[in-house]
>>> print(open('start-v1.cif').read())   # mmCIF, C-alpha atoms
data_target
#
loop_
_atom_site.label_atom_id
_atom_site.label_comp_id
_atom_site.auth_asym_id
_atom_site.auth_seq_id
_atom_site.Cartn_x
_atom_site.Cartn_y
_atom_site.Cartn_z
CA MET A 1 8.05 -21.30 -12.79
CA GLU A 2 8.78 -18.21 -14.85
CA LEU A 3 6.10 -16.26 -12.98
CA ILE A 4 7.47 -17.40 -9.62
CA ILE A 5 10.99 -16.29 -10.54
CA SER A 6 9.63 -12.98 -11.82
CA SER A 7 7.67 -12.43 -8.60
CA ILE A 8 10.70 -13.25 -6.45
CA THR A 9 12.79 -10.82 -8.49
CA THR A 10 10.14 -8.12 -8.07
CA MET A 11 10.00 -8.86 -4.35
CA ILE A 12 13.76 -8.44 -3.92
CA VAL A 13 13.92 -5.26 -6.00
CA ASN A 14 10.94 -3.68 -4.21
CA LEU A 15 12.25 -4.53 -0.75
CA ILE A 16 15.60 -2.95 -1.59
CA VAL A 17 14.13 0.15 -3.25
CA PHE A 18 11.41 0.87 -0.70
CA SER A 19 13.56 0.01 2.33
CA LEU A 20 16.71 1.86 1.29
CA ILE A 21 15.81 5.31 2.62
CA PRO A 22 14.27 3.98 5.89
CA VAL A 23 17.31 1.77 6.57
CA VAL A 24 19.81 4.55 5.86
CA TRP A 25 17.82 7.05 7.94
CA TRP A 26 17.54 4.61 10.86
CA PHE A 27 21.21 3.60 10.67
CA PHE A 28 22.58 7.12 10.90
CA ARG A 29 20.01 8.63 13.27
CA HIS A 30 18.23 6.01 15.36
CA ARG A 31 20.12 2.72 15.46
CA LYS A 32 21.40 3.39 19.00
CA GLU A 33 17.86 4.05 20.25
CA GLU A 34 15.98 0.95 19.03
CA GLY A 35 16.04 -1.83 16.47
CA PHE A 36 14.97 -1.19 12.89
CA PHE A 37 11.83 -3.32 12.94
CA LYS A 38 10.48 -1.74 16.11
CA TRP A 39 11.38 1.69 14.75
CA ILE A 40 9.25 1.22 11.63
CA GLY A 41 6.41 -0.45 13.52
CA PHE A 42 6.96 -4.07 12.51
CA TYR A 43 5.76 -5.56 15.79
CA ARG A 44 2.68 -7.28 17.18
CA PRO A 45 -0.46 -5.15 16.79
CA GLU A 46 -2.57 -4.39 19.87
CA LEU A 47 -5.98 -2.79 19.71
CA LYS A 48 -5.85 0.57 21.48
CA SER A 49 -9.26 1.95 20.47
CA LYS A 50 -12.77 0.81 21.38
CA TRP A 51 -13.96 -2.31 19.54
CA TRP A 52 -16.76 -0.35 17.86
CA VAL A 53 -14.20 2.00 16.28
CA LEU A 54 -12.58 -0.99 14.60
CA PHE A 55 -16.04 -2.19 13.55
CA VAL A 56 -16.85 1.18 11.95
CA PHE A 57 -13.47 1.17 10.23
CA ALA A 58 -14.14 -2.32 8.85
CA ILE A 59 -17.45 -1.14 7.36
CA LEU A 60 -15.85 1.94 5.82
CA TYR A 61 -12.98 -0.08 4.38
CA TYR A 62 -15.38 -2.67 2.99
CA PHE A 63 -17.34 -0.03 1.08
CA PHE A 64 -14.14 1.68 -0.04
CA TYR A 65 -12.63 -1.54 -1.32
CA ASN A 66 -15.79 -2.57 -3.15
CA PHE A 67 -16.32 0.82 -4.74
CA ASP A 68 -15.69 0.55 -8.46
CA PHE A 69 -14.01 3.80 -9.47
CA THR A 70 -13.54 2.45 -13.01
CA GLN A 71 -17.21 3.25 -13.66
CA PHE A 72 -16.03 6.84 -14.07
CA VAL A 73 -13.35 5.90 -16.58
CA ASP A 74 -13.74 6.17 -20.34
CA PRO A 75 -14.11 2.65 -21.83
CA LYS A 76 -11.21 3.21 -24.24
CA THR A 77 -8.90 4.23 -21.41
CA LEU A 78 -10.02 1.25 -19.36
CA GLU A 79 -9.39 -1.13 -22.26
CA TYR A 80 -5.96 0.43 -22.75
CA ILE A 81 -5.09 -0.16 -19.08
CA GLU A 82 -6.40 -3.73 -19.09
CA ASN A 83 -4.27 -4.61 -22.12
CA SER A 84 -1.08 -2.83 -21.06
CA SER A 85 1.93 -4.96 -20.15
CA SER A 86 3.07 -2.14 -17.86
CA VAL A 87 0.29 -2.96 -15.36
CA SER A 88 1.68 -5.74 -13.14
CA ALA A 89 -1.64 -7.48 -12.46
CA ASN A 90 -2.15 -8.03 -16.19
CA ALA A 91 0.71 -10.57 -16.15
CA PHE A 92 -1.67 -12.90 -14.28
CA ALA A 93 -4.60 -12.46 -16.68
CA GLY A 94 -6.50 -15.66 -17.43
CA ILE A 95 -3.82 -18.00 -16.07
CA GLY A 96 -5.83 -19.32 -13.13
CA ALA A 97 -4.51 -21.31 -10.16
CA ALA A 98 -0.92 -21.29 -11.43
CA VAL A 99 -0.54 -17.67 -10.33
CA ILE A 100 -1.61 -18.12 -6.70
CA LEU A 101 1.95 -18.49 -5.36
CA PRO A 102 3.48 -15.74 -7.53
CA ALA A 103 0.59 -13.44 -6.62
CA LEU A 104 1.07 -14.13 -2.91
CA ILE A 105 4.76 -13.27 -3.19
CA GLU A 106 4.19 -10.16 -5.25
CA ASN A 107 1.15 -8.80 -3.45
CA PHE A 108 1.97 -9.52 0.19
CA ILE A 109 5.74 -8.99 0.13
CA ALA A 110 6.78 -7.07 -3.00
CA ASN A 111 3.86 -4.64 -2.57
CA GLY A 112 2.41 -5.09 0.91
CA VAL A 113 5.55 -5.30 3.03
CA ALA A 114 7.81 -3.11 0.87
CA GLU A 115 5.36 -0.23 0.39
CA GLU A 116 4.17 -0.32 4.00
CA ILE A 117 7.75 -0.10 5.27
CA LEU A 118 8.30 3.12 3.35
CA TYR A 119 4.91 4.81 3.64
CA ARG A 120 3.22 3.70 6.86
CA GLY A 121 6.40 2.55 8.62
CA PHE A 122 8.77 5.37 7.72
CA LEU A 123 7.02 8.40 6.23
CA CYS A 124 3.82 8.24 8.26
CA LYS A 125 5.60 7.85 11.59
CA ARG A 126 8.17 10.56 10.87
CA LEU A 127 5.47 12.97 9.69
CA CYS A 128 3.17 12.18 12.63
CA LYS A 129 5.97 13.06 15.06
CA LYS A 130 6.83 16.21 13.12
CA ILE A 131 3.44 17.75 12.32
CA GLY A 132 0.94 15.72 14.35
CA VAL A 133 -0.82 12.39 13.84
CA VAL A 134 -3.78 13.54 11.73
CA LYS A 135 -1.74 15.82 9.46
CA GLY A 136 0.95 13.16 9.16
CA ILE A 137 -1.53 10.50 8.11
CA ILE A 138 -3.07 12.83 5.52
CA LEU A 139 0.28 13.90 4.07
CA GLN A 140 1.62 10.35 3.72
CA ALA A 141 -1.64 9.42 1.98
CA ALA A 142 -1.15 12.24 -0.52
CA LEU A 143 2.43 11.12 -1.17
CA PHE A 144 1.26 7.53 -1.65
CA GLY A 145 -1.31 8.67 -4.19
CA LEU A 146 1.29 10.74 -6.04
CA MET A 147 3.61 7.74 -6.16
CA HIS A 148 1.08 5.84 -8.25
CA ASN A 149 0.72 8.79 -10.62
CA ILE A 150 4.50 8.94 -11.00
CA LEU A 151 4.74 5.18 -11.61
CA TYR A 152 2.15 5.48 -14.38
CA LEU A 153 4.14 8.30 -15.97
CA LEU A 154 7.43 6.39 -15.69
CA ALA A 155 5.78 3.36 -17.28
CA GLY A 156 4.75 5.55 -20.22
CA LEU A 157 1.04 4.95 -19.73
CA ASP A 158 -0.97 7.58 -21.59
CA VAL A 159 -4.08 7.59 -19.39
CA GLY A 160 -4.90 11.28 -19.24
CA LEU A 161 -5.44 13.73 -16.38
CA TRP A 162 -8.84 12.36 -15.33
CA TYR A 163 -7.52 8.83 -14.78
CA HIS A 164 -4.54 10.22 -12.87
CA THR A 165 -6.96 12.19 -10.69
CA LEU A 166 -9.08 9.12 -9.95
CA THR A 167 -5.96 7.06 -9.23
CA PHE A 168 -4.68 9.70 -6.82
CA ILE A 169 -8.02 9.88 -4.99
CA PHE A 170 -8.47 6.09 -4.80
CA THR A 171 -4.95 5.14 -3.74
CA GLY A 172 -4.65 8.17 -1.48
CA THR A 173 -7.89 7.25 0.29
CA GLY A 174 -6.63 3.71 0.77
CA ALA A 175 -3.39 5.04 2.27
CA LEU A 176 -5.37 7.37 4.53
CA LEU A 177 -7.42 4.46 5.87
CA LEU A 178 -4.36 2.24 6.35
CA GLY A 179 -2.46 4.99 8.16
CA TRP A 180 -5.46 5.63 10.40
CA LEU A 181 -5.80 1.91 11.12
CA ASN A 182 -2.19 1.63 12.27
CA GLU A 183 -1.80 4.86 14.20
CA LYS A 184 -5.26 5.53 15.65
CA ILE A 185 -6.81 2.07 16.07
CA PHE A 186 -3.83 -0.18 16.71
CA ASN A 187 -0.63 0.63 18.55
CA GLY A 188 1.42 1.93 15.64
CA SER A 189 2.08 -1.53 14.25
CA ILE A 190 2.24 -1.67 10.45
CA ILE A 191 1.23 -5.33 10.36
CA PRO A 192 -2.53 -4.55 10.05
CA SER A 193 -1.89 -2.36 6.99
CA ILE A 194 0.45 -4.96 5.49
CA LEU A 195 -2.26 -7.60 5.76
CA LEU A 196 -5.02 -5.38 4.34
CA HIS A 197 -2.80 -3.98 1.59
CA GLY A 198 -1.57 -7.41 0.55
CA ALA A 199 -5.01 -9.00 0.73
CA GLY A 200 -6.57 -6.27 -1.40
CA ASN A 201 -3.94 -6.58 -4.11
CA PHE A 202 -4.12 -10.37 -3.97
CA ILE A 203 -7.89 -10.40 -4.48
CA VAL A 204 -7.53 -8.11 -7.51
CA SER A 205 -4.86 -10.43 -8.94
CA MET A 206 -7.11 -13.45 -8.46
CA LEU A 207 -10.02 -11.73 -10.17
CA VAL A 208 -7.75 -11.00 -13.12
CA ALA A 209 -6.27 -14.50 -13.09
CA PHE A 210 -9.63 -16.29 -13.10
CA ALA A 211 -11.46 -13.84 -15.36
#
>>> encode(input="start-v1.cif", output="structure tokens")
Amino acid sequence: MELIISSITTMIVNLIVFSLIPVVWWFFRHRKEEGFFKWIGFYRPELKSKWWVLFVFAILYYFFYNFDFTQFVDPKTLEYIENSSSVSANAFAGIGAAVILPALIENFIANGVAEEILYRGFLCKRLCKKIGVVKGIILQAALFGLMHNILYLLAGLDVGLWYHTLTFIFTGTGALLLGWLNEKIFNGSIIPSILLHGAGNFIVSMLVAFA
């Protein structure tokens, strides 16, 4: 029960924090044009590319997701990360089935929905309109990668420049793929990236929980 309450609290905080700027921006500049959810891309996805493009994307994402970047990390740094209470997934370590519900809440809503609203729903769409789709997708990916570096610094994690570099590359690449999925393959809907983002985090949490 404690984990469920903690996950619900995280969900509420993340939704408020990550949605604050998009909501304020929409309210003062776009609320008369369209509803908030449509504005950020929270609507039914429709495939707008050829089916083989989606197939190629699925293969690329599969290899990206299964690539173990930790093989390039010093064992001491990796052990430090795995034992740090500042890493959210570590709260589920070794607990097993009891964390399934909390992990669903935290990964699909607190992380998936909240982060996608800000990055793929707000930043990516605003940047794509301002500087072009490709440049917008790349820039939001870079900002997403930097966010993870900043969160590590705020958490006081002493992981060194190399780990920060790998984190930036890995999370930034993920954001690049998710942005491309939404804007170039589907019809601008952020639901595909929410599902992939949440599923990826959930699988990691389950691996930690049942390790």
>>> closest_atom_pairs(input="start-v1.cif", of="segment 45-125 of chain A", to="segment 202-210 of chain A", cutoff="6 Å", atoms="only C-alpha atoms", output="JSON lines")
{"residue": "A:Ala89", "atom": "CA", "partner": "A:Ser205", "partner_atom": "CA", "distance": 5.6}
{"residue": "A:Phe92", "atom": "CA", "partner": "A:Ala209", "partner_atom": "CA", "distance": 5.0}
{"residue": "A:Ala93", "atom": "CA", "partner": "A:Ala209", "partner_atom": "CA", "distance": 4.5}
{"residue": "A:Gly94", "atom": "CA", "partner": "A:Ala209", "partner_atom": "CA", "distance": 4.5}
{"residue": "A:Ile95", "atom": "CA", "partner": "A:Ala209", "partner_atom": "CA", "distance": 5.2}
{"residue": "A:Gly96", "atom": "CA", "partner": "A:Ala209", "partner_atom": "CA", "distance": 4.8}
{"residue": "A:Asn107", "atom": "CA", "partner": "A:Phe202", "partner_atom": "CA", "distance": 5.5}
>>> resolve_selection(input="start-v1.cif", expression="the PyMOL selection byres ((chain A and resi 61) around 12)", output="list in words")
Leu54, Phe55, Val56, Phe57, Ala58, Ile59, Leu60, Tyr62, Phe63, Phe64, Tyr65, Asn66, Phe67, Phe170, Thr173, Gly174, Ala175, Leu176, Leu177, Leu178, Trp180, Leu181, Ser193, Leu196, His197 and Gly200 of chain A
>>> closest_atom_pairs(input="start-v1.cif", of="segment 35-134 of chain A", to="segment 153-161 of chain A", cutoff="10 Å", atoms="all atoms listed in the file", output="Markdown table")
| residue | atom | partner | partner_atom | distance |
| --- | --- | --- | --- | --- |
| A:Val73 | CA | A:Val159 | CA | 9.8 |
| A:Asp74 | CA | A:Val159 | CA | 9.8 |
| A:Lys76 | CA | A:Val159 | CA | 9.7 |
| A:Thr77 | CA | A:Val159 | CA | 6.2 |
| A:Leu78 | CA | A:Val159 | CA | 8.7 |
| A:Tyr80 | CA | A:Val159 | CA | 8.1 |
| A:Ile81 | CA | A:Val159 | CA | 7.8 |
| A:Ser84 | CA | A:Leu157 | CA | 8.2 |
| A:Ser85 | CA | A:Ala155 | CA | 9.6 |
| A:Ser86 | CA | A:Ala155 | CA | 6.2 |
| A:Val87 | CA | A:Ala155 | CA | 8.6 |
>>> closest_residue(input="start-v1.cif", among="A:Val133, A:Leu104, A:Ile194, A:Thr70", to="Leu166 of chain A", atoms="all atoms listed in the file")
A:Thr70
>>> resolve_selection(input="start-v1.cif", expression="the PyMOL selection byres ((chain A and resi 7) around 9)", output="list of chain:residue names")
A:Glu2, A:Leu3, A:Ile4, A:Ile5, A:Ser6, A:Ile8, A:Thr9, A:Thr10, A:Met11, A:Ile12, A:Leu101, A:Pro102, A:Ala103, A:Leu104, A:Ile105, A:Glu106, A:Ala110
>>> build_atoms(input="start-v1.cif", residues="segment 9-25 of chain A", atoms="N, CA, C and O atoms", output="compact mmCIF listing (two decimals), in the frame of the given file")
# COMPACT_ATOMS: atom_id res chain seq x y z
N THR A 9 11.94 -11.93 -8.06
CA THR A 9 12.79 -10.82 -8.49
C THR A 9 12.17 -9.48 -8.13
O THR A 9 12.83 -8.58 -7.60
N THR A 10 10.87 -9.34 -8.41
CA THR A 10 10.14 -8.12 -8.07
C THR A 10 10.17 -7.88 -6.57
O THR A 10 10.35 -6.75 -6.11
N MET A 11 9.99 -8.95 -5.81
CA MET A 11 10.00 -8.86 -4.35
C MET A 11 11.34 -8.31 -3.85
O MET A 11 11.37 -7.38 -3.04
N ILE A 12 12.43 -8.86 -4.36
CA ILE A 12 13.76 -8.44 -3.92
C ILE A 12 14.02 -6.98 -4.29
O ILE A 12 14.49 -6.19 -3.46
N VAL A 13 13.71 -6.63 -5.54
CA VAL A 13 13.92 -5.26 -6.00
C VAL A 13 13.10 -4.27 -5.17
O VAL A 13 13.60 -3.23 -4.72
N ASN A 14 11.81 -4.58 -4.97
CA ASN A 14 10.94 -3.68 -4.21
C ASN A 14 11.40 -3.51 -2.77
O ASN A 14 11.39 -2.40 -2.22
N LEU A 15 11.79 -4.61 -2.14
CA LEU A 15 12.25 -4.53 -0.75
C LEU A 15 13.48 -3.65 -0.64
O LEU A 15 13.61 -2.86 0.31
N ILE A 16 14.38 -3.78 -1.61
CA ILE A 16 15.60 -2.95 -1.59
C ILE A 16 15.25 -1.48 -1.83
O ILE A 16 15.68 -0.59 -1.09
N VAL A 17 14.45 -1.23 -2.87
CA VAL A 17 14.13 0.15 -3.25
C VAL A 17 13.33 0.86 -2.17
O VAL A 17 13.66 1.99 -1.76
N PHE A 18 12.29 0.22 -1.67
CA PHE A 18 11.41 0.87 -0.70
C PHE A 18 12.00 0.91 0.71
O PHE A 18 11.59 1.73 1.53
N SER A 19 12.97 0.03 1.00
CA SER A 19 13.56 0.01 2.33
C SER A 19 14.85 0.81 2.43
O SER A 19 15.34 1.06 3.53
N LEU A 20 15.40 1.21 1.29
CA LEU A 20 16.71 1.86 1.29
C LEU A 20 16.74 3.13 2.14
O LEU A 20 17.59 3.27 3.04
N ILE A 21 15.82 4.05 1.87
CA ILE A 21 15.81 5.31 2.62
C ILE A 21 15.52 5.06 4.11
O ILE A 21 16.24 5.61 4.97
N PRO A 22 14.50 4.26 4.46
CA PRO A 22 14.27 3.98 5.89
C PRO A 22 15.48 3.38 6.59
O PRO A 22 15.82 3.78 7.72
N VAL A 23 16.15 2.41 5.95
CA VAL A 23 17.31 1.77 6.57
C VAL A 23 18.45 2.76 6.78
O VAL A 23 19.06 2.80 7.86
N VAL A 24 18.73 3.56 5.75
CA VAL A 24 19.81 4.55 5.86
C VAL A 24 19.49 5.58 6.94
O VAL A 24 20.35 5.94 7.76
N TRP A 25 18.25 6.05 6.95
CA TRP A 25 17.82 7.05 7.94
C TRP A 25 17.95 6.48 9.35
O TRP A 25 18.48 7.14 10.25
